[in-house]
Every structure is written in C-alpha cells, then in structure tokens.
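Peer 1: One structure, as structure tokens, below. Some questions next.
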Amino acid sequence: MRRLVPLLAAAVAAGCRGPQSMLDPAGPAAAAIARTWWLMAGAALAVLLLVLGLLARAMLRRQPAPPMARPERFIVLGGLVLPTVALFALLVYGTLAGRTVIGVGVDTDRVVRVTARQWQWQFEHLAPDGTVLARSLDRLVLPQGEMVEFQVGSEDVIHSFWIPRLGGKVDAIPGRSNRLRLRADVAGAMRGQCAEFCGREHAHMAFSVEVLDPASFAGWLDGRAAGDAGSTP
Amino acid sequence: MSALSPLAPGRLTGMALPMALWALHFVVVYGLVGLGCEHGWQSRTLAGGNLLSVLLVALTVLVLVPVVALGLRARRAWRRHAANQAGDPRQRRHALIAMAATALAILAAIAIVFTATPALLLPPCAT
Amino acid sequence: MTEANAAAPAPPDAAEQQRRLGALQRIWANGPGLVGQLTAVNHSTVGLRFIATGFAFLAIGGMLSMFIRLQLAWFGNEVLDPDRYNQFVTMHGTTMMFLFAVPILEGFAMYLLPKMLGTRDLPMPRLSAFGYWCYLFGGLFLYSSFLFGGAPDGGWFMYVPLTDATYTPGISADFWLIGVTFAEIAAVTAAVELVVTVLKTRAPGMSIQRMPLMAWAILVTAFMIAFGFPPLILASILLEIERAFGFAFFEVARGGDPLLWQHLFWLFGHPEVYIIFLPAAGMVSTLVVTFARRTMVGYRWIVVAIVATGFLSFGLWVHHMFAVGIPLLALSFFSAASMAVAIPMGVQLFAWIATLWSGKPWLRLPMVWLMGFFFIFVLGGLTGVMLALVPFDWQVHDTHFVVAHLHYVTIGGMLFPLFAGLYYWLPLVTGRQPGESLGRTAFWLVFIGFNLTFLPMHLTGMLGMPRRAYTYDAALGVEWLNLLSTAAGFVLTVGMMAVAVDVWLHFRHGRRSAANPWQAGTLEWALPLPPPPYNFASIPVVDDREPLWRDPGLAQASAGTAGLLGDPAGGRRELLGTGMISGAPEQVIRISGSTWLPLLAAANIAVLLACFIAKQYLLAAALLVPLLAVFLRWAWTTGDRHAPLRIEAAPGVALPSQAACSQAPGWWGLVISLLIDGSLFASLVFAYFYLWLGAEVWPGPGSETGALALPVLALVLLVGAGLAARLALRGNDRDRPAQLRGGLLAAAALGTGFLVAHGAALAMVLAAPQQHAYASVVWTLAGFHGVHVLVALLGSGFAWLRSRHGLVDAQRRLDARIAVALWRYTVGQGVVAWLVIHLFPRLA
C-alpha cells in the first residue's frame, strides 16, 4: 500500500502533464487551484460512495425487513446537517484559496498590457511610467519568479485570457481593463488560449508562453527595446 | 398578526417570507459591494474595520434577527397546530405549512450566514 | 369524507348513467378529422403534442451533437467547417434548452396535473393550446434560418458584442432572438396556467398537505418561470431593437455595457437549470413512492426543499460570470449561494433514500432509470459544488469540464427521470404495459454510453481544452480522450434509438394493461385506460395523499356519474374550483371548448414576426390589427358568458360560477400574468440602473432633465385614471352600470391624456434613442409603460362593452375587476417608471 500510493501518484502525474494542463502547475496560483481540485475530488468521491452505499442498502434489503427506525432524523442528519457542515468548511477553504490565488498582499513586479482582438493576442511589457518596453503578437515572454500584473482588454468582442499552468482566466471585455496577477516559477515553454467563444477562429486563438530565467529575460527585453518595439517576431 | 394575515406562518406567503428576506439581503449586499467599491468605501474606517465590511456584517445581523424571530414564531405555530390537529383538518394543513416555515427559516439563516462568511475573510474590493 | 359526498343522492339508473357518459364524451371530445385536431384545446391532446414535439426536437438536437462529436473525434478533423460547427453548437444548446427540456416538462405537467389533481382539464385550455402553437412555430422559425442563409452561430448564450449588428451582420442572430422569444411564450403561458391549475382546481379534500409532490414541484417551477424568463425576454427585446433600430444598450462607444446582457441572460440561465430539474425531481418523488410501495417519508421536508431551491436558484447567476472582473468578495456571495443550494438537494436525496429504505422497493423498469439518475445526478451535483468554488472555476470555466458537468446535471437530473416517467406513465396513454427487456438494454446502452462520453470530458477540460472550439491542437494531448467521448457518444445514440424503438413497439404491440398497472396511489391511476377526454366522470373526493391506497373504490366511483359534476346538464365543459389551501369546493368553472382562436393568434404572430425579420416594419405593425381582433374575440368568448350565477355541482350542492366568484381562475391568471410582467419591468429598471452605474455622464449627451411641470401634469393624469377606474368599480358594486361605464371612459380619457403629455414631456428633453444608452433606456422604459397604458385602455373598452351587453353587474364582477386591476397595476408601474425617469437623474 505504501509503495502503491506514490506509484499511483506518479502515473496520475504523468497523465496530467500537458502544455495547457491545470493539473501540471508552474506557479503559485495554479498550484493552489490544483491542490483544491485534488482535495475536492477526494471528498466528492467519498460523498458519492456514501450515497450509493446507502442507496444499495435501501434497495437490497431482504424482505420482509423492518422499516428505518427514525427516518426524519436520517433526513435531517444526512440531508441538512452533513451538507451544511461540509459546505461551510469548503466555503471557508475556497474563500481563503481565492485570497492566495489573487495574491492579496503580494507586490507586483511587472506590468504587461494584453490586448485581444479577433483572432490575435498582443502583449506589451510596460515600464513603470507606462511606456511600452516590448511588444509581441501571439507570443508572451515572462520572467521566472516575478509577479506579473496583466491588464487585459479587448478591441472587439469578448475574449478570455488564460494560461492554465499559471492560474485562472480573466475575460477581455471591450471598454474594460481587467487585472490578473500571475507568477511563473518554472522556466520553459507552455501555452495559453482564448477561452471565451469569440467567433470563427476561436479555436485557433492561442499563444505561446516562454518563461525565461531572470538573466535571459533581461537580455530579451534589452534586445526588444534596442530594436523596433512595434515590430513582430 | 392574525391567522388570516398573508404573512402569518400558516399561510403560503408567510412560509416563504424567510427566504424572501434571504433574497433581499443577498441583493442588498451584492449591490453594496458594487456601489461601495465604486466610491472607495473600503478605504474608510468605522468601528475598527473598513466601512464596507462593517456595513456588510451589520446588515447580516440586521436581517438575521427577523429571520430567527420568524423561525421561532413558526415553531410555536407548528407546535400549536400539531397539538390540536386531531380531528381538525384545518389545523393539520396549517401544521404542515408552519413546519415548512420553520425549516425554511433555518435554511434561510444558513444561506445568510453562508453569504456573509466571505465578507469576514476577504478585503472587499480586491479582484 | 367531506360534506360534498354526504350530499350525494341515490345513484342514477343505468340508462341515465349511459346518457350522462355519452353527453360527457360529446362535450369533451375534440372535433372530428383534421379540423378537430387543429382546433383541439383539451389538456391531454395539447400535453401529448408538447411531449411528442419535444422528443422530435431532442432527436434533432441529438443529431447535431453527433456531428459535433465527429468533428472533435481527432485534432484537425474537417467534418464541419468552423462556421458550420458554430451553428451546430449554437443550435444544439438552444434546441435542448428551449425546444426540448422546458417544453417537454410543461407537456408532462399539462398532461398529468389535471389527472393527478382529480380534475378534467386545465382551467384556461385555449391558453395552453396557444402556447403549444407558439412553441411549434417558434421552433420552426428558428430552424428555418438554415434555409435563409445561415443559422445563428453566436452560441446559445448569444454574448454581445459578438452577436450585435457589427460582428454578426445579416439576420442569423435575429432568427435566434425572435424565434426563441416566440417559443418562450409557451413557457410563460404554461406558468400562468399551471399555477392556477395547482392552486384552484384540485379535487375536493385535496388540501395543501395532501397535494402530490409533483404538483408542489410544478407550482414552484411555474413561479420560477414567472420570475426567471422575463429577464431573458427583456434582454432579447433590447438586443433586437439595438440590432434593428440602432438603439444603444450593449455598445460601449455609446454608453452601453456588454455585461448587461450577461447579467440578464444568466438571471434567466441559472434558474433555468432548476426550472428543468424541479419537475424532474417531482417525477422522482412520484415514482419513489410507487415503487417503494409506501407513502413518502419526510414529505414536508421535500416541500421545504422545493421551495428553498426555488429561491436560492436566483442567487447563482453570477457564477457564470466569475471571470468578468467582478471583485472577489462579490463573487463569493454567489459562490456561497451556489453551495447553499446544494443543501435542499441533499434533503431531497436523503428523503428519497429514506423512503426506499422504509418501503419494499420494486425494481421495475422506471425504477432502473431512477437508479441511473441517482448515480449521474449526484456526480453532476458534486462537480457543481466544485464549480461554485471561485478559484477552481477560474481554471475550468469555459472548458470541457463545464461541458461534462452540465451534461451530468441536465441528462442525469432531467433526462433520466424523464425516461423513467415516460415508461411509468406510458400505460396511462396507451393502455398497454411496457415490456422490460428491450427497455433494460436501452437503459444500459444509454447509461454506459453517457458516462463514457462525459466522464473523460472532465479531464479533457482540465488538460486545457476550451469549449465551443471547433478543433484543438495536437500538443494538448487530448485526442484519445476525445476519441473515447465520440465513440461512447455513438453508444449513447444507439441507446436513445433503442428507447425510441421500444416505445414505438409498445404503441403497436404492447400487452394490454390492467387498470393501475403499478398499483400506484395517485389519482391519475384511478382512470380507465386509456382515459376518456373528460378524465373523471365524477370529480373524486380525496382524503389522503395516496387516495387509491386508502379507498380502492375510488376508481369505480369517479368513473360513474353519481358524484360531483356527474350530470353535464349545462352542456358545457365544467371543472370544479376549490380553495387554495383547504381544497374545499368553491365554484364551478365553465371553460371553453375546441376553437380556432389559439392557432389563429399564433399564426398571426408568426407572420408578424416574419415581416419583422424581413424588415417590413409597417406591415408587421399593420398585422397587430387582426391580432387584436383575434384576442378580442378570445376574451369575449372566454368560458360561458351567459352562465347562471350559481350552478349545481351535484343535487343540493350549488356553487357560484366563475364570473360570480372572487377566486375565479381568470382573476388568478391575471395576478400571475402581472407578476410576470412586473418581473419584466423590474428587469428593465435593473438595466437602467446597471447602465447608470457604468456611465460617465447621466443623463447622456444630448439629453437633459428639463422642467418638471409637464411630467408632473402627466403623472396627475395617470393617477387620475387610476382613481376613475376605482370609482367605476365602486359604481358597479352598487349596481350602477352608468357609473361603471362613465368611470371606465373617464379612465380611458385620462390615460390617453397621460400618453400625450408624457410623450411631449420626453420629446422635449430626450435625445434620439440611437444617440446614447441613456436615451435608449429612458425611451424604452417610457415606451414599455406606454404599452401598458394602451392595454389598460383596451381592457376598459372591453369592460365597457361587456357592461353594455349586460354581462357585468354587482354579482358578476370579474370583467370589471380585471379592467380596474389593469389600471391599478399600470398606475403603480407608471409611478415607479416616473420616479426613475424624472426624479432619479436629478438626484444622481
């Protein structure tokens, strides 16, 4: 049993890998959410087995059988008290997880302006004074270990900005600028995609994400700034 | 309140009243967050907390009082009707509705506490 | 037993019995031939039509989904091009929600409720027939878009700006907006009809604590429709007039807000899930009792759960909008409500288990389907709780995880109970006994096919596959999961076809069934199989929740003509009206028989909408004239306008006819209709304030607040109209017909004055509605109320005419009451609208 668990965990982990897998987290927000998922999946399985067990017990009693002794107490305990307690615990846990995910109390290191349009993503690294340091299309380059604030907007219809391995999504809505803060802790390549249906080429509105270690990132940014910031790679 | 008043615990409307209070509370706190964040109430302080969170908690207490009172009143009515129901179909009908009113008051109170819990755990306007 | 039975005299002899049964058959039967079918209004006919049409749309929607699955079977497939894929996804969702799930449950309710409640028909049969035609024409209208160069392709949720005139030019989105709204008329009319049925026409003695749980479920569902559908109807109207006439509600550049659409849509969309789940849960409660062979344990807990669900489901809508950028705390309120709604679900679930545990469970075919329901629905409910968690939803929102979840709750929570109910009630329709063998094979195919299709989709979504994407990148590594889903989808399809074949064989070759084949306790099984068009020859008297278990002689008694309403002496279709809580007899309701009016009205609307979509606006407006004529004729011929004041329900039991009864179904129908209308109005006021909250300037550019004098005059005129109407009713109650008619005329004159004064007041200060969201919403608000003034004018004219014909007096007050109630409501709505339009901008 003790050996089986890590083995099983390894198998599950292999099945959960992917450039866009929320179960293969590469940052604190995604990691907190993935943890929440495994916790909830376990609890859900327990509830499902409990209900099915009770149902089987109810259906398969050998007749004649005595009726349930105190059915109303069964209903109140199983239907009212148990869910209330379990859901309250989940609500508190989920709310606190939400705090972690949005990074309450964590400072922002860098700002990237994200502009969505049919069917393209534009990323602009901003200096503290708001000037554009680097601009790229359908390709996002991020520094490892920095908290990046994305300011997400749209030029036409509603899109949704989503890098599953880093965290949740936020919609790109015309007339609004939504904020999303993400941190990548693992250098390497991953993928992001538009999650809100946005018309014909919705399926192809994806972008690549490259997480560089701080030195390489600084080099990349210098290279971009030296050249024409408006050009595309 | 007379037994014939539409809000009496033995009437359908009276039975639904605690849930209606939940709905009212829900709409008001949701509206308040929208309005308060727009006007920066989260950065003003009142009674040791930020104005918005304190308001939300106060509203919750304010609405829980009548919900609990309605629940207790329905419970009394339920007991009364249940004790008299032998032979009187009228009492039996009202016993059912009063019991339902009691249980709905409990559910409404739970739902209100659920709604208010995040207000204690989160800064009001963070996105 | 109640006083009604005590009064029953000696039974009629055999010849008299035959005469009465013949008369009942003649009075209640549909006409012969095709004409008889087109004019039919009987609840059994209309209910079965809803059910058959619903299954037809299920088959069509199902076929669309198979194309979707084929396209997604492997990455880079080209079964459908992206445009076609988007159309199919849109139409699949739209069909299943609007043309299958809601209408078919209404059909079941319409067919079953009168039989379960021990009455002969729905109290407003023409209304339900009208609803059916609207549903059918609306569905055909929507599908006709394929013929006119393009079905809707904006998703079943139709988010703006993608669906506005800029990003979806052409008429595909108009087909959706108009077709769906047209079909929704059926839902709204059904809500009115079903509330009145449950509250007013139960068998005598069926007091509130003896009502079948199915009736409780339908009652709460109908109220949810009354509050839940209007936001979507309003949103569709707003978007359509933005598309057609250039108003600004959702366009950012002119002060609109695309999120307004989402709020209105999901204000409908989430309750909708429970609107289709609650009736299904009502079926579960019915079947569990029959197959546990004992009365429900915790009946009252289920009642509590149903009512609580009805309320809590309205606190969930923003959980479809967790990613739009609302503060986390505000999201958490909806998260909390989404979790709280699981509690009443748990209560129901444990009450069902406790009942099975306390009874002697009987695993017949319908029960097998319920076992599938328990497994799938619990799993769907659990993933639903997960989605309520804000951070988790941020990840899986708009992915295939959600696709999996929603199919678990809708197919598990609705389709499985529906099939259980189908097999359970089939003998009632056909008089034949369902066979078990093919049915069980079909069950396993559907159950296994379903789980293998949708269980892997949870993982597909978590590996990063967004929904509504016509293909996916090989890099995601989800092609094998998708292939599995597609393959299993075909197993599911074969299972569904097996159900269809099974039902077809049953209709053709099923073994004849004895009465009450399941030994059930509720009233519909007291009927002879198949039931006669009048259901009960005598209205049964009930003293238990499962009356057939308590009184085995009930079936025979209600098939004879010795009891209540057994003698159709008046030659009219008659129902017994009873007290809302007590179930005590209080009136005899004469309802209308077969007529062309419902079909004419619906066809007229269909042509009108076709003209509208073809941009023939003048023609469309002109078609309002024949429509009004049809409705006038309809109102004039409602029930029996020459009914006596009192009608004998049985020898010695004389009850008022509905025109003379304060609790007339028409009155309650009006109350529920105004509730629905009030919800529509509230949605519009919500839209006003939502736009205000996001606006930089209010009033918007080009508009101003102006002087108050003219608006105040208008308000005075409006309130005056309301007062005149009150005086008119007072005159009627003192038997002064001249005062009634004079008051009505005065109200109409004052109302007309209001329209002129208010129109002038607005024209002076408001910009054109195309200029800014402010002008758009204010014009719409004023126009909305103006339409109500016109309706009140028509109502007054109608009551005036009825009074002229001597059909209204101090005893028969109904028409006058309705006309005056329309004024009271219109004045109340007008005061609110006035405060919003004229006072609020001065304060803001």
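Going through the structure tokens in order, the chains are called A, B, and so on, while each chain numbers its residues from 1 and the ligands are numbered from 1 in the order shown.
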Output as a PyMOL selection string all residues of stretch 223-357 of chain C that backbone DSSP marks as alpha helix (DSSP H).
Peer 2: chain C and resi 223-245+258-292+299-312+328-340+342-357
Peer 1: Can you build me a table of stretch 102-172 of chain A residues sitting at most 10 Å from stretch 186-197 of chain A, with the closest atom pair per residue and its distance in Å to one decimal, using only C-alpha atoms, sorted by chain and residue number, as a tab-separated table?
Peer 2:
```
residue	atom	partner	partner_atom	distance
A:Ala116	CA	A:Cys194	CA	8.9
A:Trp119	CA	A:Cys194	CA	9.0
A:Gln120	CA	A:Cys194	CA	9.3
A:Trp121	CA	A:Cys194	CA	8.9
A:Asp138	CA	A:Gly192	CA	9.2
A:Arg139	CA	A:Arg191	CA	9.2
A:Leu140	CA	A:Gly192	CA	9.0
A:Val141	CA	A:Ala189	CA	9.4
A:Leu142	CA	A:Ala187	CA	9.0
A:Pro143	CA	A:Ala187	CA	8.2
A:Gln144	CA	A:Ala187	CA	5.9
A:Gly145	CA	A:Val186	CA	7.8
A:Val157	CA	A:Phe197	CA	9.3
A:Ile158	CA	A:Glu196	CA	6.8
A:His159	CA	A:Glu196	CA	4.9
A:Ser160	CA	A:Ala195	CA	5.0
A:Phe161	CA	A:Cys194	CA	5.6
A:Trp162	CA	A:Gly192	CA	5.5
A:Ile163	CA	A:Gly192	CA	4.3
A:Pro164	CA	A:Gly192	CA	6.8
A:Arg165	CA	A:Met190	CA	7.5
A:Leu166	CA	A:Met190	CA	9.3
A:Lys169	CA	A:Ala195	CA	7.9
A:Val170	CA	A:Ala195	CA	9.0
A:Asp171	CA	A:Glu196	CA	7.4
A:Ala172	CA	A:Glu196	CA	8.8
```
Peer 1: Using only C-alpha atoms and a cut-off of 12 Å, which residues of chain B sit close to chain A? Please list them as a PyMOL selection string.
Peer 2: chain B and resi 103-104+106-107+109-127
Peer 1: Taking only C-alpha atoms into account, which residues of chain C are within 6 Å of chain A, as a PyMOL selection string?
Peer 2: chain C and resi 82+161-162+252+323-325+343+346-347+350-351+353-354+356-358+361+382+389+391-392+394-395+398+462-464+466+469-471+476
Peer 1: So which bits of stretch 312-532 of chain C end up strand (DSSP E) when you DSSP the backbone, as a list in words?
Peer 2: Arg432, Gln433, Arg511 and Arg512 of chain C
Peer 1: Could you check which of C:Ala695, C:Leu80, C:Ala101, C:Ala183 is closest to chain B, using only C-alpha atoms?
Peer 2: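 Ranking C:Ala695, C:Leu80, C:Ala101, C:Ala183 by distance to chain B, first place goes to C:Ala695.
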Peer 1: What residues in chain C have any atom no more than 9 Å from chain B when counting only C-alpha atoms, and can you write them as an NGL selection string?
Peer 2: :C and (207-210 or 300-301 or 303-305 or 307-308 or 311-312 or 314-315 or 325-337 or 339-341 or 343-344 or 581-582 or 693)
Peer 1: Pick out the residues sitting within 9 Å of C:Val378, and hand them over as a ChimeraX atom specification; count only C-alpha atoms, and ignore anything fewer than 3 positions along from it in its own chain.
Peer 2: /A:47-48,51 /C:349,373-375,381-383,408-409,412-413
Peer 1: Would you output that residue set with N, CA, C and O atoms, as a CSV table (one decimal), in the first residue's frame?
Peer 2:
```csv
chain,number,residue,atom,x,y,z
A,47,VAL,N,-18.4,11.2,-0.9
A,47,VAL,CA,-19.8,11.5,-0.9
A,47,VAL,C,-20.5,10.6,-1.8
A,47,VAL,O,-21.6,10.0,-1.5
A,48,LEU,N,-20.0,10.4,-3.0
A,48,LEU,CA,-20.6,9.6,-4.0
A,48,LEU,C,-20.8,8.1,-3.5
A,48,LEU,O,-21.8,7.5,-3.5
A,51,VAL,N,-23.4,7.9,-0.7
A,51,VAL,CA,-24.8,7.9,-1.2
A,51,VAL,C,-25.1,6.6,-1.9
A,51,VAL,O,-26.2,6.0,-1.7
C,349,LEU,N,-32.6,14.2,-1.6
C,349,LEU,CA,-31.9,12.9,-1.9
C,349,LEU,C,-32.1,12.0,-0.7
C,349,LEU,O,-32.4,10.8,-0.8
C,373,PHE,N,-30.4,7.8,-12.6
C,373,PHE,CA,-30.5,9.2,-12.2
C,373,PHE,C,-29.7,9.4,-10.9
C,373,PHE,O,-28.9,10.4,-10.9
C,374,PHE,N,-29.8,8.6,-9.9
C,374,PHE,CA,-29.1,8.8,-8.7
C,374,PHE,C,-27.6,8.9,-8.9
C,374,PHE,O,-27.0,9.9,-8.4
C,375,PHE,N,-27.1,8.0,-9.6
C,375,PHE,CA,-25.6,8.0,-9.8
C,375,PHE,C,-25.2,9.2,-10.6
C,375,PHE,O,-24.3,10.0,-10.1
C,381,GLY,N,-24.0,16.9,-9.4
C,381,GLY,CA,-24.1,17.9,-8.3
C,381,GLY,C,-22.8,18.1,-7.6
C,381,GLY,O,-22.5,19.3,-7.2
C,382,LEU,N,-22.0,17.1,-7.5
C,382,LEU,CA,-20.7,17.3,-6.8
C,382,LEU,C,-19.8,18.1,-7.6
C,382,LEU,O,-19.1,19.0,-7.1
C,383,THR,N,-19.7,17.9,-9.0
C,383,THR,CA,-18.9,18.8,-9.8
C,383,THR,C,-19.5,20.2,-9.8
C,383,THR,O,-18.8,21.2,-9.9
C,408,TYR,N,-23.9,16.2,-17.1
C,408,TYR,CA,-24.3,15.4,-16.0
C,408,TYR,C,-25.5,15.9,-15.2
C,408,TYR,O,-26.4,15.1,-14.9
C,409,VAL,N,-25.6,17.2,-15.0
C,409,VAL,CA,-26.8,17.6,-14.3
C,409,VAL,C,-28.1,17.6,-15.2
C,409,VAL,O,-29.2,17.3,-14.7
C,412,GLY,N,-28.5,13.7,-16.4
C,412,GLY,CA,-28.7,13.0,-15.2
C,412,GLY,C,-30.0,13.5,-14.4
C,412,GLY,O,-30.8,12.7,-14.0
C,413,GLY,N,-30.0,14.8,-14.3
C,413,GLY,CA,-31.1,15.4,-13.5
C,413,GLY,C,-32.4,15.5,-14.2
C,413,GLY,O,-33.4,15.6,-13.5
```
Peer 1: Would you pick out the contacts of C:Leu564 at 6 Å or less, using only C-alpha atoms, so that residues sharing its chain but fewer than 5 positions from it are not included, and give the list as a PyMOL selection string?
Peer 2: chain C and resi 538-539+649-650
Peer 1: Would you list the contacts of stretch 797-809 of chain C as a PyMOL selection string, taking every protein, DNA or RNA residue within 10 Å and counting only C-alpha atoms, but skipping same-chain residues closer than 3 positions in sequence?
Peer 2: chain C and resi 632+635-636+641-643+659-660+729+731-738+740-745+748+791-794+812-820
Peer 1: Fewer than 5 positions away in the same chain doesn't count, so skip those; otherwise give me all residues within 10 Å of stretch 8-25 of chain C, counting only C-alpha atoms, as a list of chain:residue names.
Peer 2: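 The residues satisfying every condition are C:Glu3, C:Asn30, C:Pro532, C:Pro533, C:Tyr534, C:Asn535, C:Phe536, C:Ala537, C:Ala559, C:Gly560, C:Thr561, C:Ala562, C:Gly563, C:Leu564, C:Gly566, C:Asp567, C:Pro568, C:Ala569, C:Gly571, C:Arg572, C:Arg573, C:Glu574, C:Ala650, C:Pro651, C:Gly652, C:Val653.
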Peer 1: In Å to one decimal, how far is atom CA of C:Glu184 from atom CA of C:Cys134?
Peer 2: 7.9 Å
